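J.: Quick one, final13.cif (mmCIF, C-alpha atoms):
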data_protein
loop_
_atom_site.label_atom_id
_atom_site.label_comp_id
_atom_site.auth_asym_id
_atom_site.auth_seq_id
_atom_site.Cartn_x
_atom_site.Cartn_y
_atom_site.Cartn_z
CA MET A 1 -67.37 -96.13 -123.83
CA PHE A 2 -68.06 -92.40 -124.02
CA LEU A 3 -70.17 -90.38 -121.63
CA PRO A 4 -73.46 -88.96 -123.00
CA GLU A 5 -72.16 -85.41 -123.10
CA GLU A 6 -69.04 -86.62 -124.91
CA MET A 7 -71.15 -88.33 -127.55
CA ARG A 8 -73.08 -85.11 -128.17
CA MET A 9 -69.83 -83.17 -128.19
CA ARG A 10 -68.17 -85.48 -130.71
CA ARG A 11 -71.11 -85.13 -133.09
CA GLN A 12 -70.93 -81.36 -132.80
CA THR A 13 -67.16 -81.19 -133.33
CA GLN A 14 -67.20 -83.08 -136.59
CA ASN A 15 -68.13 -79.86 -138.41
CA ALA A 16 -66.73 -77.39 -135.89
CA THR A 17 -64.97 -74.34 -137.28
CA GLY A 18 -63.97 -70.92 -136.00
CA PRO A 19 -61.04 -69.18 -134.32
CA ALA A 20 -60.35 -71.99 -131.88
CA SER A 21 -59.88 -74.60 -134.58
CA ARG A 22 -57.62 -72.42 -136.75
CA ARG A 23 -55.25 -70.69 -134.34
CA ARG A 24 -52.18 -71.86 -132.53
CA ILE A 25 -52.63 -73.39 -129.08
CA ASP A 26 -50.99 -71.63 -126.12
CA THR A 27 -51.17 -73.96 -123.13
CA ARG A 28 -49.61 -71.39 -120.78
CA PHE A 29 -53.16 -70.32 -120.06
CA ILE A 30 -54.17 -73.80 -118.86
CA SER A 31 -53.41 -74.66 -115.24
CA ASP A 32 -53.00 -78.35 -114.41
CA GLU A 33 -53.69 -77.73 -110.72
CA PRO A 34 -57.33 -78.61 -109.93
CA LEU A 35 -59.54 -76.00 -108.35
CA VAL A 36 -61.97 -78.43 -106.74
CA PRO A 37 -61.55 -78.15 -102.93
CA TYR A 38 -61.34 -81.92 -102.45
CA ASP A 39 -58.63 -82.03 -99.82
CA LYS A 40 -57.24 -78.50 -99.81
CA HIS A 41 -55.99 -77.37 -96.42
CA ILE A 42 -54.66 -74.10 -95.10
CA ARG A 43 -50.88 -74.03 -95.43
CA ARG A 44 -50.12 -72.40 -92.12
CA GLU A 45 -46.93 -70.86 -90.81
CA LEU A 46 -44.59 -73.80 -90.30
CA GLY A 47 -43.29 -72.89 -86.85
CA SER A 48 -46.71 -72.88 -85.19
CA LEU A 49 -47.91 -75.85 -87.22
CA SER A 50 -44.99 -78.07 -86.19
CA ALA A 51 -45.38 -76.95 -82.55
CA GLU A 52 -49.07 -77.86 -82.61
CA VAL A 53 -48.44 -81.32 -84.08
CA LEU A 54 -45.75 -81.93 -81.46
CA ARG A 55 -48.16 -80.91 -78.70
CA ARG A 56 -50.87 -83.28 -79.97
CA ILE A 57 -48.67 -86.37 -80.22
CA SER A 58 -47.17 -85.60 -76.80
CA LYS A 59 -50.55 -85.75 -75.03
CA LEU A 60 -52.08 -89.09 -75.88
CA SER A 61 -55.31 -90.19 -74.20
CA GLY A 62 -54.48 -93.80 -73.35
CA ASP A 63 -57.12 -95.22 -75.71
CA ALA A 64 -55.35 -97.54 -78.14
CA LEU A 65 -57.34 -96.70 -81.27
CA GLU A 66 -57.60 -92.97 -80.55
CA ASP A 67 -53.87 -92.69 -79.81
CA ALA A 68 -52.98 -94.62 -82.96
CA ALA A 69 -55.17 -92.24 -85.00
CA THR A 70 -53.49 -89.22 -83.39
CA LEU A 71 -50.05 -90.60 -84.24
CA ALA A 72 -51.03 -91.51 -87.81
CA ASN A 73 -52.26 -87.96 -88.37
CA GLY A 74 -49.08 -86.67 -86.75
CA TYR A 75 -46.91 -88.62 -89.17
CA GLN A 76 -48.90 -87.34 -92.15
CA GLU A 77 -48.75 -83.72 -91.04
CA THR A 78 -45.03 -84.00 -90.28
CA ALA A 79 -44.44 -85.39 -93.77
CA LEU A 80 -46.24 -82.36 -95.18
CA ILE A 81 -44.14 -80.02 -93.03
CA ALA A 82 -40.97 -81.72 -94.28
CA THR A 83 -42.19 -81.22 -97.84
CA TYR A 84 -42.81 -77.52 -97.23
CA LEU A 85 -39.32 -77.28 -95.69
CA ASP A 86 -37.89 -78.64 -98.97
CA ARG A 87 -36.86 -81.93 -97.35
CA PRO A 88 -38.58 -84.51 -99.59
CA ASP A 89 -36.35 -87.44 -98.60
CA GLU A 90 -37.29 -86.91 -94.96
CA ALA A 91 -40.94 -86.66 -95.93
CA ARG A 92 -40.81 -90.05 -97.63
CA LEU A 93 -38.97 -91.51 -94.65
CA ILE A 94 -41.68 -90.21 -92.33
CA CYS A 95 -44.41 -91.89 -94.40
CA HIS A 96 -42.60 -95.23 -94.25
CA ALA A 97 -41.99 -94.82 -90.52
CA ALA A 98 -45.72 -94.27 -90.06
CA LEU A 99 -46.41 -97.72 -91.49
CA ASP A 100 -43.92 -99.27 -89.06
CA ALA A 101 -45.49 -97.49 -86.09
CA ILE A 102 -49.05 -98.38 -87.06
CA ALA A 103 -48.22 -102.05 -87.66
CA GLU A 104 -46.46 -102.23 -84.29
CA ARG A 105 -49.40 -100.65 -82.44
CA ALA A 106 -51.87 -102.99 -84.13
CA GLU A 107 -49.82 -106.01 -83.06
CA THR A 108 -49.18 -104.74 -79.51
CA ASN A 109 -52.85 -103.98 -78.90
CA GLU A 110 -54.07 -107.03 -80.82
CA ASN A 111 -56.40 -104.75 -82.75
CA PRO A 112 -56.25 -105.17 -86.54
CA THR A 113 -58.56 -102.18 -87.03
CA ILE A 114 -55.54 -99.99 -86.25
CA LEU A 115 -53.99 -101.22 -89.50
CA LEU A 116 -56.55 -99.19 -91.47
CA LEU A 117 -54.86 -96.04 -90.20
CA GLY A 118 -51.93 -96.91 -92.46
CA LEU A 119 -53.97 -96.12 -95.56
CA GLY A 120 -53.62 -92.37 -94.93
CA PRO A 121 -49.80 -92.34 -94.83
CA LEU A 122 -49.72 -94.57 -97.92
CA LEU A 123 -51.91 -92.14 -99.84
CA GLU A 124 -49.70 -89.30 -98.58
CA LEU A 125 -46.66 -91.18 -99.91
CA ALA A 126 -48.32 -91.46 -103.32
CA ARG A 127 -49.10 -87.71 -103.33
CA LEU A 128 -45.54 -86.92 -102.31
CA ASP A 129 -44.01 -89.10 -105.02
CA ALA A 130 -46.29 -87.50 -107.61
CA ARG A 131 -45.25 -83.99 -106.50
CA LEU A 132 -41.59 -85.01 -106.74
CA GLY A 133 -42.06 -86.30 -110.29
CA ARG A 134 -41.72 -89.93 -109.16
CA VAL A 135 -44.93 -90.80 -110.96
CA ASP A 136 -44.21 -94.48 -111.52
CA GLU A 137 -43.56 -94.86 -107.79
CA ALA A 138 -46.79 -93.00 -107.00
CA LEU A 139 -48.80 -95.19 -109.35
CA PHE A 140 -47.17 -98.29 -107.85
CA VAL A 141 -48.37 -97.29 -104.38
CA LEU A 142 -51.87 -96.62 -105.71
CA GLU A 143 -51.88 -99.97 -107.48
CA LYS A 144 -50.94 -101.73 -104.25
CA LEU A 145 -53.82 -99.97 -102.50
CA SER A 146 -56.14 -101.02 -105.34
CA GLY A 147 -55.37 -104.62 -104.47
CA LEU A 148 -57.62 -104.25 -101.44
CA LEU A 149 -60.55 -103.32 -103.67
CA ARG A 150 -59.89 -106.38 -105.85
CA GLY A 151 -59.90 -108.72 -102.88
CA GLN A 152 -56.14 -109.31 -102.97
CA GLY A 153 -55.18 -107.74 -99.64
CA LEU A 154 -52.33 -105.28 -99.12
CA SER A 155 -48.69 -105.73 -98.23
CA PHE A 156 -46.48 -102.65 -98.29
CA GLY A 157 -43.48 -102.32 -96.02
CA ALA A 158 -44.53 -103.21 -92.49
CA LEU A 159 -48.24 -102.79 -93.28
CA THR A 160 -50.20 -105.93 -94.10
CA ILE A 161 -53.99 -106.05 -94.39
CA SER A 162 -55.44 -109.43 -95.29
CA ALA A 163 -58.14 -109.80 -97.91
CA SER A 164 -60.40 -111.57 -95.42
CA PHE A 165 -60.14 -108.79 -92.83
CA TRP A 166 -60.75 -106.12 -95.44
CA GLU A 167 -63.84 -107.95 -96.66
CA THR A 168 -65.33 -107.96 -93.17
CA ILE A 169 -65.04 -104.20 -92.66
CA ALA A 170 -65.12 -102.67 -96.15
CA SER A 171 -68.61 -103.57 -97.30
CA GLY A 172 -71.48 -101.05 -97.31
CA ASP A 173 -71.66 -97.35 -98.06
CA ASP A 174 -70.25 -96.49 -94.64
CA GLY A 175 -67.24 -98.80 -94.92
CA PRO A 176 -63.74 -97.66 -95.88
CA GLY A 177 -63.90 -99.33 -99.29
CA ARG A 178 -65.83 -96.56 -100.98
CA ALA A 179 -63.64 -93.81 -99.53
CA LEU A 180 -60.48 -95.67 -100.53
CA ALA A 181 -61.73 -96.21 -104.09
CA SER A 182 -62.48 -92.49 -104.41
CA SER A 183 -59.07 -91.49 -103.04
CA ILE A 184 -57.25 -93.86 -105.39
CA ALA A 185 -59.17 -92.52 -108.39
CA VAL A 186 -58.43 -88.90 -107.46
CA GLU A 187 -54.73 -89.44 -106.81
CA THR A 188 -54.35 -91.45 -110.02
CA LEU A 189 -55.88 -88.63 -112.05
CA ARG A 190 -53.70 -86.05 -110.32
CA ALA A 191 -50.53 -88.08 -110.89
CA LEU A 192 -51.28 -88.67 -114.57
CA VAL A 193 -52.08 -85.01 -115.27
CA ALA A 194 -49.11 -83.70 -113.25
CA SER A 195 -46.74 -85.99 -115.16
CA GLY A 196 -48.08 -85.02 -118.57
CA ARG A 197 -49.61 -88.41 -119.29
CA TYR A 198 -52.68 -86.81 -120.76
CA GLU A 199 -53.87 -89.69 -122.93
CA ALA A 200 -53.88 -91.96 -119.89
CA ALA A 201 -55.57 -89.26 -117.82
CA LEU A 202 -58.23 -88.86 -120.50
CA ASP A 203 -58.96 -92.59 -120.40
CA ALA A 204 -59.02 -92.65 -116.59
CA SER A 205 -61.34 -89.64 -116.42
CA ARG A 206 -64.15 -91.32 -118.34
CA VAL A 207 -65.51 -92.99 -115.18
CA LYS A 208 -68.11 -90.70 -113.57
CA PHE A 209 -68.65 -90.14 -109.84
CA GLU A 210 -72.42 -89.73 -109.80
CA SER A 211 -72.81 -89.69 -106.02
CA ASP A 212 -69.91 -87.38 -105.08
CA ALA A 213 -69.98 -83.80 -106.33
CA MET A 214 -66.34 -83.02 -105.45
CA LEU A 215 -64.91 -86.16 -107.03
CA GLU A 216 -66.97 -85.58 -110.14
CA GLY A 217 -65.53 -82.07 -110.28
CA ILE A 218 -61.98 -83.41 -110.12
CA ARG A 219 -62.77 -85.92 -112.87
CA ARG A 220 -64.13 -83.18 -115.09
CA GLU A 221 -61.13 -80.92 -114.50
CA ALA A 222 -58.71 -83.74 -115.35
CA HIS A 223 -60.71 -84.50 -118.49
CA PHE A 224 -60.79 -80.85 -119.53
CA VAL A 225 -57.09 -80.22 -118.87
CA SER A 226 -56.13 -83.37 -120.80
CA LEU A 227 -58.21 -82.30 -123.80
CA CYS A 228 -56.56 -78.89 -123.77
CA ARG A 229 -53.03 -80.23 -123.40
CA LEU A 230 -53.63 -82.66 -126.24
CA GLY A 231 -54.81 -79.81 -128.47
CA ARG A 232 -58.37 -81.03 -128.77
CA ALA A 233 -59.75 -77.51 -128.87
CA GLU A 234 -63.27 -78.08 -130.14
CA GLU A 235 -64.01 -80.74 -127.54
CA ALA A 236 -62.66 -78.62 -124.69
CA LEU A 237 -64.54 -75.54 -125.86
CA LEU A 238 -67.81 -77.44 -126.03
CA LEU A 239 -67.44 -79.28 -122.73
CA ALA A 240 -66.38 -76.26 -120.63
CA PRO A 241 -69.55 -74.18 -121.22
CA LEU A 242 -71.68 -77.31 -120.88
CA TRP A 243 -70.21 -77.97 -117.43
CA ALA A 244 -70.47 -74.26 -116.57
CA THR A 245 -74.26 -74.71 -116.48
CA ASP A 246 -73.99 -77.27 -113.66
CA ASP A 247 -76.42 -76.94 -110.76
CA HIS A 248 -73.57 -77.44 -108.27
CA PRO A 249 -72.26 -73.94 -107.43
CA ILE A 250 -68.60 -74.92 -107.04
CA ARG A 251 -68.40 -76.95 -110.23
CA ARG A 252 -70.27 -74.22 -112.11
CA ALA A 253 -67.87 -71.51 -110.91
CA ILE A 254 -64.84 -73.65 -111.79
CA PHE A 255 -65.93 -74.21 -115.37
CA GLU A 256 -67.00 -70.63 -115.88
CA HIS A 257 -63.33 -69.90 -115.29
CA ARG A 258 -62.02 -72.97 -117.16
CA HIS A 259 -64.02 -71.87 -120.21
CA ALA A 260 -62.14 -68.56 -120.18
CA GLU A 261 -58.82 -70.43 -119.88
CA ALA A 262 -59.67 -72.54 -122.92
CA LEU A 263 -60.67 -69.52 -124.99
CA ALA A 264 -57.36 -67.84 -124.17
CA ALA A 265 -55.36 -70.98 -124.89
CA PHE A 266 -57.04 -71.60 -128.22
CA GLY A 267 -56.65 -68.13 -129.66
CA ASP A 268 -59.66 -66.04 -128.67
CA PRO A 269 -58.24 -63.53 -126.15
CA ILE A 270 -61.02 -60.95 -126.63
CA GLN A 271 -63.78 -63.34 -125.63
CA ALA A 272 -61.54 -64.83 -122.93
CA HIS A 273 -60.99 -61.39 -121.43
CA ALA A 274 -64.70 -60.59 -121.53
CA MET A 275 -65.45 -63.84 -119.73
CA ALA A 276 -62.66 -63.22 -117.18
CA GLU A 277 -64.17 -59.80 -116.44
CA GLU A 278 -67.58 -61.40 -115.91
CA ASN A 279 -66.02 -64.01 -113.61
CA THR A 280 -64.32 -61.21 -111.69
CA ARG A 281 -67.67 -59.48 -111.17
CA ARG A 282 -69.22 -62.73 -109.97
CA MET A 283 -66.38 -63.28 -107.53
CA GLU A 284 -66.59 -59.73 -106.18
CA ALA A 285 -70.31 -60.30 -105.59
CA ARG A 286 -69.59 -63.56 -103.77
CA LEU A 287 -66.98 -61.92 -101.59
CA GLY A 288 -69.32 -59.06 -100.79
CA ALA A 289 -72.17 -61.41 -99.85
CA GLY A 290 -70.46 -63.07 -96.91
CA PRO A 291 -67.25 -64.46 -95.42
CA ALA A 292 -64.82 -65.75 -98.04
CA THR A 293 -64.02 -69.45 -98.14
CA LEU A 294 -60.66 -70.97 -99.02
CA PHE A 295 -62.15 -72.03 -102.35
CA ASP A 296 -63.24 -68.45 -103.05
CA ILE A 297 -59.69 -67.19 -102.55
CA TYR A 298 -58.16 -69.95 -104.67
CA LEU A 299 -60.58 -69.24 -107.50
CA ALA A 300 -60.09 -65.47 -107.22
CA ALA A 301 -56.32 -65.94 -107.48
CA ARG A 302 -56.76 -68.09 -110.59
CA ILE A 303 -59.14 -65.58 -112.19
CA SER A 304 -56.66 -62.78 -111.47
CA ARG A 305 -53.81 -64.83 -112.93
CA LEU A 306 -55.65 -65.28 -116.20
CA SER A 307 -56.64 -61.60 -116.34
CA ALA A 308 -53.01 -60.60 -115.79
CA MET A 309 -51.84 -62.92 -118.57
CA LEU A 310 -54.42 -61.33 -120.86
CA GLY A 311 -52.96 -57.89 -120.10
CA ASP A 312 -55.73 -56.52 -117.89
CA PRO A 313 -54.26 -53.58 -115.91
CA LEU A 314 -56.89 -54.10 -113.19
CA ALA A 315 -56.04 -57.78 -112.63
CA ALA A 316 -54.51 -57.01 -109.24
CA GLU A 317 -57.67 -55.37 -107.88
CA LEU A 318 -59.30 -58.72 -107.12
CA CYS A 319 -56.11 -59.73 -105.30
CA ARG A 320 -56.30 -56.55 -103.21
CA VAL A 321 -59.87 -57.38 -102.22
CA CYS A 322 -58.91 -60.95 -101.26
CA LEU A 323 -55.62 -60.27 -99.49
CA PRO A 324 -57.07 -59.48 -96.02
CA ALA A 325 -59.20 -62.64 -96.05
CA ALA A 326 -56.30 -64.81 -97.20
CA THR A 327 -54.08 -63.29 -94.51
CA ALA A 328 -56.71 -63.95 -91.83
CA MET A 329 -56.97 -67.58 -92.98
CA GLY A 330 -53.20 -67.91 -92.73
CA ASP A 331 -52.47 -69.70 -96.01
CA ALA A 332 -48.95 -68.39 -96.65
CA PRO A 333 -48.41 -69.51 -100.28
CA LEU A 334 -51.84 -68.17 -101.25
CA VAL A 335 -51.11 -64.83 -99.58
CA ALA A 336 -47.81 -64.79 -101.47
CA GLU A 337 -49.53 -65.31 -104.84
CA LEU A 338 -51.97 -62.48 -104.23
CA ALA A 339 -49.38 -60.07 -102.83
CA LEU A 340 -46.91 -60.74 -105.65
CA ARG A 341 -49.51 -59.89 -108.26
CA ILE A 342 -50.33 -56.66 -106.45
CA VAL A 343 -46.67 -55.64 -106.29
CA GLU A 344 -46.24 -56.47 -109.96
CA LEU A 345 -49.32 -54.70 -111.31
CA ASP A 346 -50.67 -52.14 -108.84
CA ARG A 347 -49.12 -48.69 -108.87
CA ARG A 348 -50.88 -47.24 -105.79
CA PRO A 349 -48.19 -46.71 -103.12
CA ASP A 350 -50.36 -47.63 -100.14
CA VAL A 351 -51.67 -50.82 -101.76
CA ARG A 352 -48.17 -51.89 -102.81
CA ALA A 353 -46.86 -51.12 -99.31
CA ASP A 354 -49.44 -53.44 -97.73
CA ALA A 355 -48.59 -56.19 -100.22
CA LEU A 356 -44.86 -55.78 -99.58
CA ASP A 357 -45.45 -56.06 -95.84
CA ALA A 358 -47.26 -59.35 -96.45
CA LEU A 359 -44.34 -60.59 -98.55
CA ARG A 360 -41.83 -59.58 -95.87
CA ALA A 361 -43.79 -61.54 -93.28
CA ILE A 362 -43.76 -64.63 -95.50
CA ALA A 363 -40.07 -64.31 -96.32
CA THR A 364 -38.95 -63.87 -92.72
CA GLY A 365 -41.57 -65.51 -90.54
CA SER A 366 -43.69 -68.12 -92.31
CA GLY A 367 -41.09 -70.86 -92.70
CA TYR A 368 -41.75 -71.16 -96.44
CA ARG A 369 -39.05 -70.41 -98.96
CA ILE A 370 -40.73 -69.01 -102.07
CA ALA A 371 -38.18 -67.76 -104.57
CA ALA A 372 -40.45 -65.11 -106.13
CA VAL A 373 -41.24 -63.72 -102.69
CA GLU A 374 -37.59 -63.49 -101.73
CA ARG A 375 -36.73 -61.73 -104.98
CA ALA A 376 -39.51 -59.19 -104.50
CA VAL A 377 -38.43 -58.42 -100.94
CA GLU A 378 -34.75 -58.21 -101.86
CA ARG A 379 -35.52 -55.69 -104.62
CA GLU A 380 -36.96 -53.42 -101.94
CA ASP A 381 -34.85 -54.20 -98.87
CA GLY A 382 -31.60 -55.74 -100.08
CA PRO A 383 -30.35 -59.30 -99.52
CA LEU A 384 -32.18 -61.46 -97.01
CA VAL A 385 -30.26 -63.33 -94.32
CA PRO A 386 -30.48 -67.08 -95.07
CA ARG A 387 -32.48 -68.98 -92.44
CA SER A 388 -31.75 -72.55 -91.39
CA THR A 389 -34.46 -75.17 -91.27
CA ARG A 390 -34.39 -74.96 -87.46
CA GLU A 391 -35.11 -71.21 -87.68
CA ARG A 392 -37.91 -71.76 -90.19
CA ALA A 393 -39.67 -74.38 -88.00
CA PRO A 394 -38.11 -74.55 -84.51
CA SER A 395 -40.19 -77.53 -83.34
CA TYR A 396 -39.55 -79.64 -86.43
CA PRO A 397 -36.37 -81.42 -85.23
CA GLU A 398 -38.00 -82.45 -81.95
CA LEU A 399 -41.16 -83.51 -83.78
CA PHE A 400 -39.15 -85.59 -86.23
CA SER A 401 -37.15 -87.13 -83.39
CA ARG A 402 -40.28 -87.93 -81.36
CA LEU A 403 -41.75 -89.85 -84.29
CA LEU A 404 -38.65 -91.53 -85.71
CA GLY A 405 -36.33 -91.77 -82.72
CA PHE A 406 -33.44 -89.73 -84.16
CA LEU A 407 -32.81 -86.20 -85.38
CA PRO A 408 -33.09 -85.29 -89.06
CA ASP A 409 -29.93 -86.04 -90.97
CA ALA A 410 -28.79 -82.45 -91.61
CA LEU A 411 -25.93 -80.27 -90.40
CA ASP A 412 -28.19 -77.60 -88.94
CA PHE A 413 -29.66 -80.14 -86.50
CA LYS A 414 -26.42 -81.46 -85.03
CA GLN A 415 -25.71 -80.80 -81.39
CA GLY A 416 -24.51 -77.26 -80.78
CA SER A 417 -25.75 -75.90 -84.08
CA PRO A 418 -27.79 -72.69 -84.09
#
Let's see the structure in the file written out as structure tokens.

T.:
Amino acid sequence: MFLPEEMRMRRQTQNATGPASRRRIDTRFISDEPLVPYDKHIRRELGSLSAEVLRRISKLSGDALEDAATLANGYQETALIATYLDRPDEARLICHAALDAIAERAETNENPTILLLGLGPLLELARLDARLGRVDEALFVLEKLSGLLRGQGLSFGALTISASFWETIASGDDGPGRALASSIAVETLRALVASGRYEAALDASRVKFESDAMLEGIRREAHFVSLCRLGRAEEALLLAPLWATDDHPIRRAIFEHRHAEALAAFGDPIQAHAMAEENTRRMEARLGAGPATLFDIYLAARISRLSAMLGDPLAAELCRVCLPAATAMGDAPLVAELALRIVELDRRPDVRADALDALRAIATGSGYRIAAVERAVEREDGPLVPRSTRERAPSYPELFSRLLGFLPDALDFKQGSP
């Protein structure tokens, strides 16, 4: 079954002609990463983040359900920290340990509601596997979670949720069933697109999310990206401007940019550049109208990326405008993207100096290891001194040990190591 706009689009594309249908496709211009701010979070400096998580799990309130929720969140955040520290095996181990801890607390307190807190770490495990390219494993986890929605219950590792218990608490708009269904749909789409399974993603993205603007945005992005990657130019170029007229401001802004990506990918760089310039003006107006949001900075970085790929010498100017706001927010990888583009394209000494200072701070103090950042800093300052994981996030070993009962299995965490 096709959506109404797809039916109109298919009728229009039967006789479609023009540059997009005749020229070679260049998918370098298409980014698979969704722009919709569904669950985007600020990727803070890892030392302070790990210290904060350690502080929270060390000061529990004594309330069984509240403490279990604090610990579940602590496991999830620690898994993310391990991922950012380039320790994916430890991240997966942390997710599995979370299920053990939650199941034990539910049994000890004789409170099965605590078991629901295990859904978060399971979804985090699916995201992690997808990022690592373990897509079949990610889809397996999501399929196990889908069993709850089909009335089959869930059994994964130490976590077991019976079908009867789920039925008693999942019904109604306020129950966890609706939220879980949405999360499964989003993570499935992300995993399929990230793994290049575009035909499957196209099929999965035909189900609309009428009542949730953000989820509908993710569906549309997955659908659009899949069409582009499959070379279905006419369909992509008709859907993108259609969705760019959306009443929802975030979805409209996303597809104003996605339309420009499609034009560039399908061989119309002049029109793509004109549209990118218009999107730049819109973004500058948004930034001038009030405080920038994380979404604003993400979108600005993507607009600048496309402009740079199209050869615009002023592509870095939008990055310069956004850099102070991104720095104040504290999202290190986003600051890195903006600063790198400035260093690459901007020839003003004072602007480049500010960007280089931002890159130095990321390379030496953020805890993240970003190869492009290190190369840029080393070109200016010479070789960087390698930093151990303990130096990148001093509280991480204690945090890991507090949650799992032993230190991370790495040489730089053995007794007496620096």

J.: Between A:Ala103, A:Ala130, A:Val225, A:Ala339, which has the minimum distance to Leu117 (chain A) (counting all atoms listed in the file)?

T.: A:Ala103

J.: Residues at most 12 Å from region 263-271 of chain A, counting only C-alpha atoms, excluding those fewer than 2 positions away in the same chain, as a PyMOL selection string?

T.: chain A and resi 18-31+225+227-238+240-241+255-261+273-278+306-312

J.: Expanded to explicit residues, what is the PyMOL selection byres ((chain A and resi 126) around 12) for this file, as an NGL selection string?

T.: :A and (76 or 79 or 91-92 or 95-96 or 119-125 or 127-145 or 183-184 or 186-192)

J.: Can you turn the PyMOL selection byres ((chain A and resi 157) around 9) into a concrete residue list for this file, as a list in words?

T.: His96, Leu99, Asp100, Ser155, Phe156, Ala158, Leu159 and Thr160 of chain A

J.: What do you get, as a list in words, if you spell out every residue that the PyMOL selection byres ((chain A and resi 212) around 12) selects here?

T.: Tyr38, Arg178, Ala179, Ser182, Ser183, Val186, Lys208, Phe209, Glu210, Ser211, Ala213, Met214, Leu215, Glu216, Gly217, Ile218, Arg219, His248 and Arg251 of chain A

J.: Using all atoms listed in the file, which residue out of A:Ala361, A:Leu71, A:Ala82, A:Leu49 lies closest to Ile102 (chain A)?

T.: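 Under the stated criterion, the closest residue is A:Leu71.
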
J.: If we count all atoms listed in the file, what is near Gly74 (chain A) at a cut-off of 9 Å, once residues fewer than 6 positions away on the same chain are taken out, given as a ChimeraX atom specification?

T.: /A:53-54,56-57,98,403

J.: Pick from A:Arg402, A:Arg387, A:Arg369, A:Arg87: nearest to Glu45 (chain A), with all atoms listed in the file counted?

T.: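 Distance minimum relative to Glu45 (chain A) lands on A:Arg369.
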
J.: Using only C-alpha atoms, can you tell me which of A:Leu314, A:Val193, A:Leu242, A:Ala51 comes closest to Asp346 (chain A)?

T.: A:Leu314

J.: Which residue is closest to Ala253 (chain A)? Choose from A:Phe406, A:Phe295, A:Tyr75, A:Tyr198 and count all atoms listed in the file.

T.: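 The shortest atom-to-atom distance to Ala253 (chain A) comes from A:Phe295.
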
J.: Draw an axis-aligned box over all listed atoms of region 332-349 of chain A, pad each side with 5 Å, and write its centre and edge lengths in Å, one decimal, as AutoDock Vina command-line options.

T.:
--center_x -49.1 --center_y -58.1 --center_z -104.0 --size_x 15.7 --size_y 32.8 --size_z 24.7

J.: Grab the CA of Asn279 (chain A) to CA of Pro333 (chain A) distance for me, in Å with one decimal place.

T.: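 One can read the CA of Asn279 (chain A) to CA of Pro333 (chain A) distance as 22.8 Å.
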
J.: If I take CA of Pro88 (chain A) and CA of Pro408 (chain A), how far is one from the other in Å, to one decimal?

T.: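 It comes out at 11.9 Å.
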
J.: Export region 319-330 of chain A of the preceding structure, keeping N, CA and C atoms, as a PDB file, in the first residue's frame.

T.:
ATOM      1  N   CYS A 319      29.450  28.392   9.894  1.00  0.00           N
ATOM      2  CA  CYS A 319      30.117  27.696  11.004  1.00  0.00           C
ATOM      3  C   CYS A 319      30.680  28.700  12.008  1.00  0.00           C
ATOM      4  N   ARG A 320      31.248  29.786  11.490  1.00  0.00           N
ATOM      5  CA  ARG A 320      31.794  30.817  12.389  1.00  0.00           C
ATOM      6  C   ARG A 320      30.690  31.415  13.265  1.00  0.00           C
ATOM      7  N   VAL A 321      29.533  31.636  12.658  1.00  0.00           N
ATOM      8  CA  VAL A 321      28.411  32.203  13.408  1.00  0.00           C
ATOM      9  C   VAL A 321      27.941  31.242  14.493  1.00  0.00           C
ATOM     10  N   CYS A 322      27.964  29.946  14.186  1.00  0.00           N
ATOM     11  CA  CYS A 322      27.433  28.940  15.117  1.00  0.00           C
ATOM     12  C   CYS A 322      28.425  28.491  16.177  1.00  0.00           C
ATOM     13  N   LEU A 323      29.718  28.671  15.925  1.00  0.00           N
ATOM     14  CA  LEU A 323      30.726  28.092  16.812  1.00  0.00           C
ATOM     15  C   LEU A 323      30.575  28.538  18.268  1.00  0.00           C
ATOM     16  N   PRO A 324      30.347  29.811  18.578  1.00  0.00           N
ATOM     17  CA  PRO A 324      30.198  30.180  19.995  1.00  0.00           C
ATOM     18  C   PRO A 324      29.019  29.486  20.670  1.00  0.00           C
ATOM     19  N   ALA A 325      27.898  29.354  19.962  1.00  0.00           N
ATOM     20  CA  ALA A 325      26.730  28.692  20.551  1.00  0.00           C
ATOM     21  C   ALA A 325      27.005  27.214  20.778  1.00  0.00           C
ATOM     22  N   ALA A 326      27.650  26.555  19.808  1.00  0.00           N
ATOM     23  CA  ALA A 326      27.963  25.137  19.966  1.00  0.00           C
ATOM     24  C   ALA A 326      28.936  24.919  21.118  1.00  0.00           C
ATOM     25  N   THR A 327      29.900  25.829  21.257  1.00  0.00           N
ATOM     26  CA  THR A 327      30.865  25.735  22.357  1.00  0.00           C
ATOM     27  C   THR A 327      30.168  25.908  23.699  1.00  0.00           C
ATOM     28  N   ALA A 328      29.238  26.866  23.772  1.00  0.00           N
ATOM     29  CA  ALA A 328      28.506  27.095  25.024  1.00  0.00           C
ATOM     30  C   ALA A 328      27.650  25.880  25.380  1.00  0.00           C
ATOM     31  N   MET A 329      27.080  25.212  24.371  1.00  0.00           N
ATOM     32  CA  MET A 329      26.288  24.007  24.637  1.00  0.00           C
ATOM     33  C   MET A 329      27.174  22.860  25.122  1.00  0.00           C
ATOM     34  N   GLY A 330      28.395  22.807  24.622  1.00  0.00           N
ATOM     35  CA  GLY A 330      29.331  21.788  25.073  1.00  0.00           C
ATOM     36  C   GLY A 330      29.291  20.496  24.300  1.00  0.00           C
TER      37      GLY A 330
END
